[in-house]
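Reproduced below: coords.cif, with mmCIF, C-alpha atoms.
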```cif
data_model
#
loop_
_atom_site.label_atom_id
_atom_site.label_comp_id
_atom_site.auth_asym_id
_atom_site.auth_seq_id
_atom_site.Cartn_x
_atom_site.Cartn_y
_atom_site.Cartn_z
CA MET A 1 109.35 115.55 57.39
CA PRO A 2 106.81 117.97 58.93
CA GLY A 3 103.96 115.44 58.87
CA GLN A 4 105.97 112.71 60.54
CA TYR A 5 107.35 115.17 63.06
CA GLN A 6 103.84 116.06 64.13
CA ARG A 7 102.91 112.37 64.37
CA PHE A 8 105.61 111.78 66.98
CA ILE A 9 105.06 115.03 68.85
CA THR A 10 101.33 114.33 69.13
CA LEU A 11 102.03 110.80 70.38
CA LEU A 12 104.45 111.96 73.08
CA GLU A 13 102.24 114.83 74.20
CA GLU A 14 99.35 112.41 74.68
CA PHE A 15 101.42 110.27 77.05
CA GLN A 16 102.83 113.35 78.73
CA GLU A 17 99.27 114.48 79.47
CA GLN A 18 98.58 111.05 81.01
CA GLY A 19 101.40 111.72 83.47
CA LEU A 20 103.92 109.13 82.28
CA PHE A 21 106.65 111.77 82.13
CA SER A 22 107.06 115.52 82.22
CA GLN A 23 109.72 115.91 79.51
CA ALA A 24 110.92 113.94 76.51
CA ALA A 25 113.31 114.13 73.57
CA PHE A 26 113.32 111.69 70.66
CA ALA A 27 115.12 110.80 67.47
CA VAL A 28 113.99 108.51 64.65
CA PHE A 29 116.69 107.13 62.35
CA ASP A 30 117.35 104.81 59.46
CA ARG A 31 120.57 103.46 57.97
CA GLN A 32 121.44 106.82 56.40
CA GLY A 33 120.95 109.05 59.44
CA VAL A 34 118.51 110.73 61.79
CA ARG A 35 115.23 111.44 59.99
CA VAL A 36 113.17 113.17 62.69
CA ARG A 37 114.02 114.80 66.02
CA GLY A 38 111.85 116.55 68.53
CA GLU A 39 111.00 117.26 72.15
CA CYS A 40 108.20 118.13 74.49
CA GLY A 41 107.94 119.47 78.01
CA GLY A 42 110.45 122.30 77.65
CA VAL A 43 113.69 120.42 77.04
CA GLY A 44 115.64 121.07 73.85
CA VAL A 45 116.45 118.54 71.15
CA ASN A 46 120.10 118.71 72.28
CA THR A 47 119.34 118.25 75.98
CA VAL A 48 121.50 115.62 77.67
CA PHE A 49 119.79 112.91 79.73
CA ASP A 50 120.87 110.38 82.31
CA LEU A 51 120.88 107.24 80.13
CA ALA A 52 120.45 104.86 83.08
CA SER A 53 120.75 101.24 81.88
CA LEU A 54 121.33 102.24 78.26
CA THR A 55 124.87 102.53 79.63
CA LYS A 56 124.97 98.74 79.35
CA LEU A 57 124.74 98.90 75.55
CA PHE A 58 127.70 101.26 75.30
CA VAL A 59 129.79 99.04 77.60
CA THR A 60 128.70 96.01 75.54
CA THR A 61 129.78 97.76 72.35
CA ALA A 62 133.21 98.53 73.80
CA LEU A 63 133.66 94.88 74.82
CA LEU A 64 132.59 93.72 71.37
CA ARG A 65 135.24 95.95 69.81
CA LEU A 66 137.82 94.17 71.94
CA SER A 67 136.39 90.88 70.72
CA GLY A 68 136.73 92.01 67.11
CA GLN A 69 140.36 92.89 67.80
CA GLY A 70 141.06 89.44 69.20
CA LYS A 71 141.61 90.75 72.72
CA LEU A 72 138.59 88.99 74.17
CA ASN A 73 136.81 85.68 73.64
CA LEU A 74 133.14 86.10 74.48
CA ASP A 75 132.89 82.44 75.43
CA GLU A 76 135.85 82.34 77.79
CA PRO A 77 135.33 81.90 81.55
CA VAL A 78 134.75 85.05 83.57
CA LEU A 79 136.51 84.19 86.82
CA PRO A 80 140.11 84.32 85.48
CA LEU A 81 139.41 87.86 84.26
CA LEU A 82 138.36 89.11 87.67
CA ASP A 83 140.47 90.04 90.68
CA ALA A 84 138.11 88.28 93.07
CA PRO A 85 140.05 86.92 96.05
CA GLU A 86 139.87 83.28 97.11
CA GLU A 87 137.68 84.40 99.99
CA SER A 88 134.90 85.24 97.50
CA VAL A 89 133.52 81.75 97.93
CA ARG A 90 129.89 82.48 97.03
CA LEU A 91 130.84 84.52 93.96
CA ARG A 92 133.15 81.78 92.74
CA ARG A 93 130.43 79.17 93.11
CA VAL A 94 127.85 81.30 91.26
CA LEU A 95 130.25 82.18 88.43
CA ALA A 96 131.88 78.77 88.16
CA GLY A 97 130.47 78.16 84.68
CA ALA A 98 129.91 81.77 83.62
CA THR A 99 131.40 83.33 80.49
CA ILE A 100 131.65 86.91 79.33
CA ALA A 101 128.70 86.24 77.02
CA SER A 102 126.63 85.03 79.98
CA LEU A 103 127.27 88.33 81.76
CA LEU A 104 126.03 90.18 78.68
CA THR A 105 122.94 87.96 78.34
CA HIS A 106 122.14 88.07 82.07
CA THR A 107 122.52 84.30 82.40
CA SER A 108 125.52 84.24 84.75
CA GLY A 109 123.51 83.33 87.84
CA LEU A 110 124.08 86.62 89.67
CA PRO A 111 121.23 88.35 91.55
CA ALA A 112 119.46 91.27 89.93
CA TRP A 113 120.28 94.03 92.41
CA TYR A 114 121.64 94.81 95.82
CA PRO A 115 122.49 98.20 97.41
CA LEU A 116 126.25 97.83 97.54
CA TYR A 117 126.36 101.34 98.99
CA ALA A 118 124.72 99.95 102.12
CA GLY A 119 127.22 97.12 102.48
CA THR A 120 130.59 97.01 104.20
CA GLY A 121 134.14 96.15 103.22
CA SER A 122 135.63 95.80 99.76
CA PHE A 123 133.70 95.46 96.51
CA TRP A 124 134.16 91.70 96.63
CA GLU A 125 132.97 91.51 100.22
CA ARG A 126 129.86 93.47 99.27
CA LEU A 127 129.17 91.10 96.37
CA GLU A 128 129.42 88.22 98.85
CA GLN A 129 126.86 90.02 101.02
CA ALA A 130 124.58 90.51 97.99
CA ILE A 131 124.69 86.85 97.02
CA ALA A 132 124.19 85.75 100.62
CA PHE A 133 121.18 88.06 100.98
CA GLU A 134 119.52 86.83 97.79
CA GLY A 135 120.60 83.19 98.19
CA GLU A 136 122.67 81.16 95.76
CA ASP A 137 119.95 78.80 94.53
CA GLY A 138 116.47 79.05 93.13
CA ARG A 139 116.94 81.84 90.62
CA PRO A 140 115.66 81.34 87.06
CA PRO A 141 118.29 80.85 84.34
CA MET A 142 117.96 84.46 83.12
CA VAL A 143 117.96 87.27 85.69
CA TYR A 144 118.49 90.83 84.49
CA SER A 145 121.49 91.74 86.65
CA ASP A 146 123.07 95.10 87.34
CA LEU A 147 125.74 93.20 89.28
CA GLY A 148 126.77 91.32 86.14
CA TYR A 149 127.37 94.56 84.26
CA MET A 150 129.41 95.97 87.12
CA LEU A 151 131.73 93.02 86.51
CA ALA A 152 131.56 93.54 82.74
CA GLY A 153 132.81 97.09 83.27
CA GLN A 154 135.74 95.81 85.33
CA ILE A 155 136.62 93.28 82.63
CA LEU A 156 136.56 96.05 80.02
CA GLU A 157 139.03 98.04 82.12
CA ARG A 158 141.32 95.07 82.66
CA LEU A 159 141.45 93.93 79.03
CA SER A 160 141.74 97.42 77.55
CA GLY A 161 144.19 98.80 80.10
CA LEU A 162 141.98 101.90 80.29
CA THR A 163 139.61 103.34 82.83
CA LEU A 164 135.93 102.87 82.05
CA PRO A 165 135.47 106.47 80.83
CA GLU A 166 138.60 106.16 78.68
CA ALA A 167 137.44 102.85 77.22
CA VAL A 168 133.99 104.21 76.33
CA GLU A 169 135.66 107.23 74.75
CA GLU A 170 138.18 105.13 72.79
CA TYR A 171 135.94 102.31 71.65
CA VAL A 172 132.54 103.98 71.28
CA ARG A 173 132.37 107.77 71.30
CA LYS A 174 135.31 108.40 68.98
CA PRO A 175 134.63 105.64 66.39
CA LEU A 176 130.97 106.60 66.15
CA ASP A 177 131.73 110.34 66.28
CA LEU A 178 129.09 110.93 68.94
CA PRO A 179 128.60 114.58 69.88
CA VAL A 180 128.14 113.83 73.58
CA LEU A 181 128.79 110.70 75.63
CA ALA A 182 130.27 110.98 79.09
CA TYR A 183 130.28 109.79 82.65
CA LEU A 184 129.80 112.61 85.14
CA PRO A 185 131.60 111.82 88.40
CA PRO A 186 131.52 114.54 91.09
CA GLN A 187 134.79 116.06 89.91
CA ALA A 188 133.78 116.23 86.24
CA ASP A 189 133.83 119.50 84.31
CA ARG A 190 130.27 119.09 83.07
CA ARG A 191 130.32 121.95 80.60
CA GLN A 192 133.42 120.59 78.89
CA ALA A 193 132.24 116.95 79.01
CA LEU A 194 128.86 117.85 77.48
CA ASN A 195 130.03 120.52 75.03
CA GLY A 196 127.95 123.09 76.85
CA ARG A 197 124.68 121.20 76.42
CA ALA A 198 121.83 121.61 78.88
CA LEU A 199 121.07 118.75 81.28
CA ALA A 200 117.69 117.24 82.04
CA ILE A 201 116.76 116.49 85.64
CA SER A 202 117.72 112.94 86.61
CA CYS A 203 115.37 112.58 89.58
CA TYR A 204 114.20 114.12 92.83
CA GLY A 205 116.16 111.95 95.24
CA ASN A 206 115.96 108.16 95.27
CA ALA A 207 112.48 107.44 96.60
CA ILE A 208 112.21 104.05 94.89
CA GLU A 209 115.56 102.75 96.12
CA ARG A 210 114.83 104.17 99.55
CA ARG A 211 111.67 102.06 99.60
CA MET A 212 113.50 98.99 98.23
CA CYS A 213 116.05 99.20 101.05
CA ARG A 214 113.31 99.69 103.63
CA GLU A 215 111.39 96.66 102.33
CA ARG A 216 114.57 94.58 102.66
CA ASP A 217 115.31 96.02 106.11
CA ILE A 218 118.67 97.33 104.84
CA PRO A 219 119.62 100.63 106.55
CA PHE A 220 121.26 103.47 104.60
CA ASP A 221 121.25 107.13 105.64
CA GLY A 222 123.12 108.65 102.69
CA PHE A 223 120.27 109.11 100.22
CA ARG A 224 119.94 112.45 98.44
CA PRO A 225 117.11 114.56 99.92
CA GLU A 226 113.65 113.91 98.56
CA GLY A 227 112.01 116.67 96.52
CA VAL A 228 115.29 118.32 95.50
CA PRO A 229 116.10 118.16 91.76
CA VAL A 230 119.17 116.11 90.88
CA VAL A 231 120.96 117.37 87.77
CA GLY A 232 124.20 115.98 86.36
CA GLN A 233 124.25 113.05 88.76
CA VAL A 234 123.20 109.57 87.70
CA ASN A 235 119.95 108.50 89.35
CA ASP A 236 121.08 104.93 90.01
CA GLY A 237 122.11 104.51 93.65
CA ASN A 238 124.91 102.01 93.18
CA ALA A 239 126.37 104.02 90.32
CA TRP A 240 126.31 107.26 92.32
CA TYR A 241 126.72 106.43 96.01
CA TYR A 242 129.13 103.52 95.59
CA PHE A 243 130.95 103.94 92.26
CA GLY A 244 131.05 107.73 92.20
CA GLY A 245 129.16 108.04 88.92
CA ILE A 246 131.17 105.51 86.90
CA SER A 247 130.01 101.93 86.44
CA GLY A 248 129.34 99.34 83.77
CA HIS A 249 125.63 99.18 84.51
CA ALA A 250 124.71 102.90 84.68
CA GLY A 251 126.26 106.35 84.68
CA LEU A 252 126.53 107.56 81.07
CA PHE A 253 124.92 110.77 79.81
CA SER A 254 124.10 111.62 76.20
CA ASP A 255 121.48 113.20 73.96
CA SER A 256 119.05 111.60 71.51
CA VAL A 257 121.50 111.82 68.60
CA GLY A 258 124.26 110.15 70.61
CA VAL A 259 122.04 107.16 71.31
CA ALA A 260 120.62 107.18 67.77
CA GLU A 261 124.11 106.92 66.28
CA LEU A 262 124.74 103.83 68.39
CA GLY A 263 121.52 102.33 67.03
CA ARG A 264 122.42 103.30 63.48
CA PHE A 265 125.77 101.58 63.88
CA TYR A 266 123.98 98.33 64.67
CA LEU A 267 121.68 98.79 61.67
CA ASN A 268 124.68 98.99 59.36
CA THR A 269 127.39 96.78 60.85
CA GLN A 270 128.48 93.53 59.20
CA GLU A 271 131.00 92.59 61.90
CA ALA A 272 130.34 89.23 63.53
CA PRO A 273 130.53 90.24 67.23
CA PHE A 274 128.00 93.05 66.74
CA LEU A 275 125.69 90.88 64.64
CA ARG A 276 125.75 88.33 67.44
CA ALA A 277 124.66 91.07 69.84
CA ILE A 278 121.44 91.72 67.91
CA THR A 279 120.66 88.06 67.25
CA GLU A 280 118.02 86.61 69.55
CA GLY A 281 119.26 83.82 71.76
CA PRO A 282 117.71 81.91 74.65
CA TYR A 283 115.37 83.82 76.96
CA GLY A 284 114.92 86.60 74.41
CA ARG A 285 118.42 87.98 74.91
CA GLY A 286 121.19 89.08 72.60
CA LEU A 287 124.46 90.48 73.91
CA GLY A 288 123.20 93.48 75.84
CA PHE A 289 120.11 93.75 73.62
CA GLU A 290 116.73 92.25 74.45
CA PHE A 291 113.86 91.04 72.27
CA GLY A 292 110.13 90.79 72.82
CA PRO A 293 106.77 92.52 72.19
CA ARG A 294 108.20 95.88 73.28
CA TYR A 295 110.41 95.84 70.15
CA PRO A 296 108.31 94.86 67.09
CA LEU A 297 110.45 93.28 64.35
CA GLY A 298 113.60 94.17 66.27
CA CYS A 299 115.36 94.58 69.58
CA GLY A 300 116.53 97.25 71.98
CA HIS A 301 117.03 98.18 75.59
CA THR A 302 115.44 100.34 78.25
CA GLY A 303 116.62 102.44 81.18
CA PHE A 304 115.00 102.71 84.61
CA THR A 305 114.55 106.47 84.35
CA GLY A 306 112.47 106.16 81.16
CA THR A 307 115.07 105.97 78.38
CA SER A 308 115.05 103.46 75.53
CA LEU A 309 116.68 102.49 72.23
CA TYR A 310 114.85 100.48 69.57
CA LEU A 311 116.09 99.20 66.25
CA SER A 312 114.66 96.96 63.54
CA ARG A 313 117.39 95.69 61.28
CA GLU A 314 114.70 93.96 59.23
CA ARG A 315 113.13 97.33 58.38
CA GLY A 316 116.30 99.39 58.61
CA VAL A 317 114.92 101.87 61.13
CA GLY A 318 114.98 102.65 64.82
CA GLY A 319 114.29 105.24 67.45
CA VAL A 320 115.48 106.76 70.71
CA LEU A 321 113.13 107.93 73.41
CA LEU A 322 114.63 109.89 76.30
CA THR A 323 112.09 110.63 79.02
CA ASN A 324 112.30 110.81 82.75
CA ARG A 325 109.52 109.20 84.74
CA LEU A 326 111.12 110.26 88.03
CA THR A 327 110.52 113.99 87.81
CA SER A 328 107.17 114.31 89.57
CA PRO A 329 108.02 114.72 93.28
CA GLY A 330 105.69 112.86 95.59
CA GLN A 331 104.09 110.84 92.79
CA GLU A 332 104.58 107.17 92.02
CA ALA A 333 106.73 106.63 88.92
CA GLU A 334 104.71 105.45 85.94
CA ASN A 335 105.44 102.59 83.55
CA VAL A 336 106.62 104.14 80.28
CA ASP A 337 106.23 100.90 78.26
CA PRO A 338 102.88 101.85 76.67
CA CYS A 339 104.53 104.96 75.23
CA ARG A 340 107.60 103.03 74.12
CA LEU A 341 105.55 100.46 72.22
CA ALA A 342 103.37 103.12 70.58
CA PHE A 343 106.52 105.04 69.61
CA HIS A 344 108.10 101.94 68.06
CA GLN A 345 104.96 101.09 66.13
CA ALA A 346 104.77 104.67 64.87
CA ILE A 347 108.35 104.39 63.61
CA LEU A 348 107.49 101.32 61.54
CA GLU A 349 104.41 103.06 60.12
CA ALA A 350 106.37 106.19 59.26
CA ALA A 351 109.14 104.14 57.64
CA GLN A 352 106.66 102.37 55.42
CA GLU A 353 104.92 105.61 54.43
CA GLU A 354 108.16 107.46 53.69
CA GLY A 355 110.20 104.59 52.27
CA TRP A 356 112.96 104.92 54.86
CA ALA A 357 115.61 102.21 55.03
#
```

Would you encode the structure as structure tokens?
Amino acid sequence: MPGQYQRFITLLEEFQEQGLFSQAAFAVFDRQGVRVRGECGGVGVNTVFDLASLTKLFVTTALLRLSGQGKLNLDEPVLPLLDAPEESVRLRRVLAGATIASLLTHTSGLPAWYPLYAGTGSFWERLEQAIAFEGEDGRPPMVYSDLGYMLAGQILERLSGLTLPEAVEEYVRKPLDLPVLAYLPPQADRRQALNGRALAISCYGNAIERRMCRERDIPFDGFRPEGVPVVGQVNDGNAWYYFGGISGHAGLFSDSVGVAELGRFYLNTQEAPFLRAITEGPYGRGLGFEFGPRYPLGCGHTGFTGTSLYLSRERGVGGVLLTNRLTSPGQEAENVDPCRLAFHQAILEAAQEEGWA
């Protein structure tokens, strides 16, 4: 659709000129397939991006497949599924009433974030340090938590008997026939994992996390150097410095079509666990998915680096926007939400004009 293609290219170039991002790739889809793809800023339509927190949706989807197979009850308690030692007193108190579903809706009671890479001891000891630092009381009932999805990834491994990369491959990439979806730990053969696709820059160091640690008076001297392009390494500090590129909350890489096919799956599915995921519950959350003004007539998810997935089951359309707002060394990262919302509104307008569904 040449006219619609130009609509989206013009929109993205306008926000690129405003400095929200330097590069972007996008895909617009309906129930039948991808309708429009494009890029700006010199990347190709097949360029692979660091998906950041969109990783959470792929991990959610793998867990929901286990639920559909009867291997997981979304409403069962979390603690029996974890290997947390008895000494994890704070964690056990916080998660006393938590279920798998509460991890996926960010209502488990866990803090939002903590630099585990700056902690000491085992994973469980570092979680204790995180909870102690943030305090156990006073948090609102819904807190978007990377820590919760770290635990969700561990539960996926335990119940599937697979490593996290194997589980994502088995339960998501293969069933959806995605061209590219992979974690990229340091030892990964990137060319093989990405089918030879080019990689977009993830970031230029971790300036934002460096500042967050400094503001919390938490020392860490292992940050990647500022001003040096990071390619093929996940931007997220916990995912890279602590988990070696593989975690439930961040770490996956894919292209616009890979993410679009995940969205298209949710447009078409009739299976109960997946329908529950895209049904709005308390605090504007589904399972993994979120609702709100950012997603007109639908739902979606965003990633810290500037990625996002949007779908409107009501209209039978959706879109993927892969940008990176962390690729302007020395400049403050911009909020990409104005572009996201304009992109989503343009999708609905194009769908109505073209009769997509």

Do you have, as CSV, the list of residues of segment 246-347 of chain A lying at most 9 Å from segment 351-357 of chain A, each with its nearest atom pair and that distance in Å to one decimal, counting only C-alpha atoms and ordered by chain then number?
```
residue,atom,partner,partner_atom,distance
A:Arg315,CA,A:Ala357,CA,6.4
A:Gly316,CA,A:Ala357,CA,4.6
A:Val317,CA,A:Ala357,CA,6.1
A:Ala346,CA,A:Ala351,CA,8.5
A:Ile347,CA,A:Ala351,CA,6.0
```

Q) In file coordinates, which residues lie within 9 Å of (114.4, 109.3, 63.3) using all atoms listed in the file, given as a ChimeraX atom specification? A) /A:26-30,33-37,260,317-320,347

Q: Evaluate the PyMOL selection byres ((chain A and resi 109-112) around 9) and record the selected residues as a list of chain:residue names, following the chain and residue labels used in the document.
A: A:Leu91, A:Val94, A:Leu95, A:Ala98, A:Ser102, A:Leu103, A:His106, A:Thr107, A:Ser108, A:Trp113, A:Tyr114, A:Ala130, A:Ile131, A:Glu134, A:Gly135, A:Glu136, A:Asp137, A:Arg139, A:Pro140, A:Pro141, A:Met142, A:Val143, A:Tyr144, A:Ser145, A:Asp146, A:Leu147, A:Gly148

(Q) Calculated over only C-alpha atoms, which of the candidates A:Asp83, A:Glu14, A:Asp50, A:Asp177 has the smallest distance to Leu252 of chain A? (A) A:Asp50

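Atom to atom, atom CA of Glu17 of chain A and atom CA of Arg340 of chain A stand 15.1 Å apart.
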
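Residue nearest Gly251 of chain A, chosen from A:Pro282, A:Gly263, A:Gly303, A:Gly227 and counting only C-alpha atoms: A:Gly303.
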
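Between atom CA of Gly245 of chain A and atom CA of Pro185 of chain A lies a distance of 4.5 Å.
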
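Counting from atom CA of Gly222 of chain A, the distance to atom CA of Phe123 of chain A is 18.0 Å.
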
How close does segment 218-238 of chain A get to segment 53-74 of chain A? List, as a tab-separated table, each residue of segment 218-238 of chain A within 12 Å, its nearest atom pair and the distance in Å to one decimal, counting all atoms listed in the file.
```
residue	atom	partner	partner_atom	distance
A:Val234	CA	A:Ser53	CA	10.5
A:Asn235	CA	A:Ser53	CA	10.4
A:Asp236	CA	A:Ser53	CA	8.9
```

Q) Leaving out Arg276 of chain A and any residue of its chain fewer than 3 positions from it, which residues lie within 10 Å of it when counting all atoms listed in the file, given as a list in words? A) Leu64, Glu271, Ala272, Pro273, Thr279, Glu280, Gly281, Gly286, Leu287 and Phe289 of chain A

Q: I would like the residues chosen by the PyMOL selection byres ((chain A and resi 181) around 7) on the shown file; could you give them as JSON, numbers by chain?
A: {"A": [173, 178, 179, 180, 182, 252, 253, 254, 258]}

Q: Taking the file as shown, find all residues satisfying the PyMOL selection byres ((chain A and resi 22) around 12) and write them as a ChimeraX atom specification.
A: /A:12-21,23-25,39-43,200-203,305-306,322-329,331,333-334,336

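The smallest atom-to-atom distance between Gly284 of chain A and any of A:Asn238, A:Thr105, A:Thr99, A:Gln32, using all atoms listed in the file, is found for A:Thr105.
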
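With all atoms listed in the file taken into account, the protein and nucleic acid residues at most 10 Å from Arg216 of chain A (excluding it and anything under 3 positions from it in its own chain) are Tyr114, Phe133, Arg211, Met212, Cys213 and Pro219 of chain A.
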
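When only C-alpha atoms are used to measure the gap to Arg264 of chain A, the shortest distance among A:Arg285, A:Arg7, A:Arg197, A:Arg31 belongs to A:Arg31.
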
Hey, what's within 10 Å of Leu116 of chain A if we count all atoms listed in the file and toss same-chain stuff fewer than 2 positions away? As a short mmCIF file (atom, residue, chain, number, x, y, z; two decimals) with C-alpha atoms, in the frame of the given file, please?
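Contents of the output file around19.cif:
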```cif
data_model
loop_
_atom_site.label_atom_id
_atom_site.label_comp_id
_atom_site.auth_asym_id
_atom_site.auth_seq_id
_atom_site.Cartn_x
_atom_site.Cartn_y
_atom_site.Cartn_z
CA TRP A 113 120.28 94.03 92.41
CA TYR A 114 121.64 94.81 95.82
CA ALA A 118 124.72 99.95 102.12
CA GLY A 119 127.22 97.12 102.48
CA THR A 120 130.59 97.01 104.20
CA GLY A 121 134.14 96.15 103.22
CA SER A 122 135.63 95.80 99.76
CA PHE A 123 133.70 95.46 96.51
CA GLU A 125 132.97 91.51 100.22
CA ARG A 126 129.86 93.47 99.27
CA LEU A 127 129.17 91.10 96.37
CA GLN A 129 126.86 90.02 101.02
CA ALA A 130 124.58 90.51 97.99
CA LEU A 147 125.74 93.20 89.28
CA GLY A 237 122.11 104.51 93.65
CA ASN A 238 124.91 102.01 93.18
CA ALA A 239 126.37 104.02 90.32
CA TYR A 241 126.72 106.43 96.01
CA TYR A 242 129.13 103.52 95.59
CA PHE A 243 130.95 103.94 92.26
#
```

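Remark: for Glu87 of chain A, the closest of the candidate residues A:Leu267, A:Lys174, A:Leu151, A:Glu128 is A:Glu128 (distances computed over all atoms listed in the file).
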
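At a cut-off of 10 Å from (117.0, 106.1, 99.3), the residue set is Pro115, Gly205, Asn206, Ala207, Ile208, Glu209, Arg210, Arg211, Met212, Cys213, Arg214, Pro219, Phe220, Asp221, Gly222, Phe223, Arg224, Pro225, Glu226 and Gly237 of chain A (counting only C-alpha atoms).
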
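Closest to Ala198 of chain A among A:Ile246, A:Val231, A:Val168, A:Leu82 is A:Val231, based on all atoms listed in the file.
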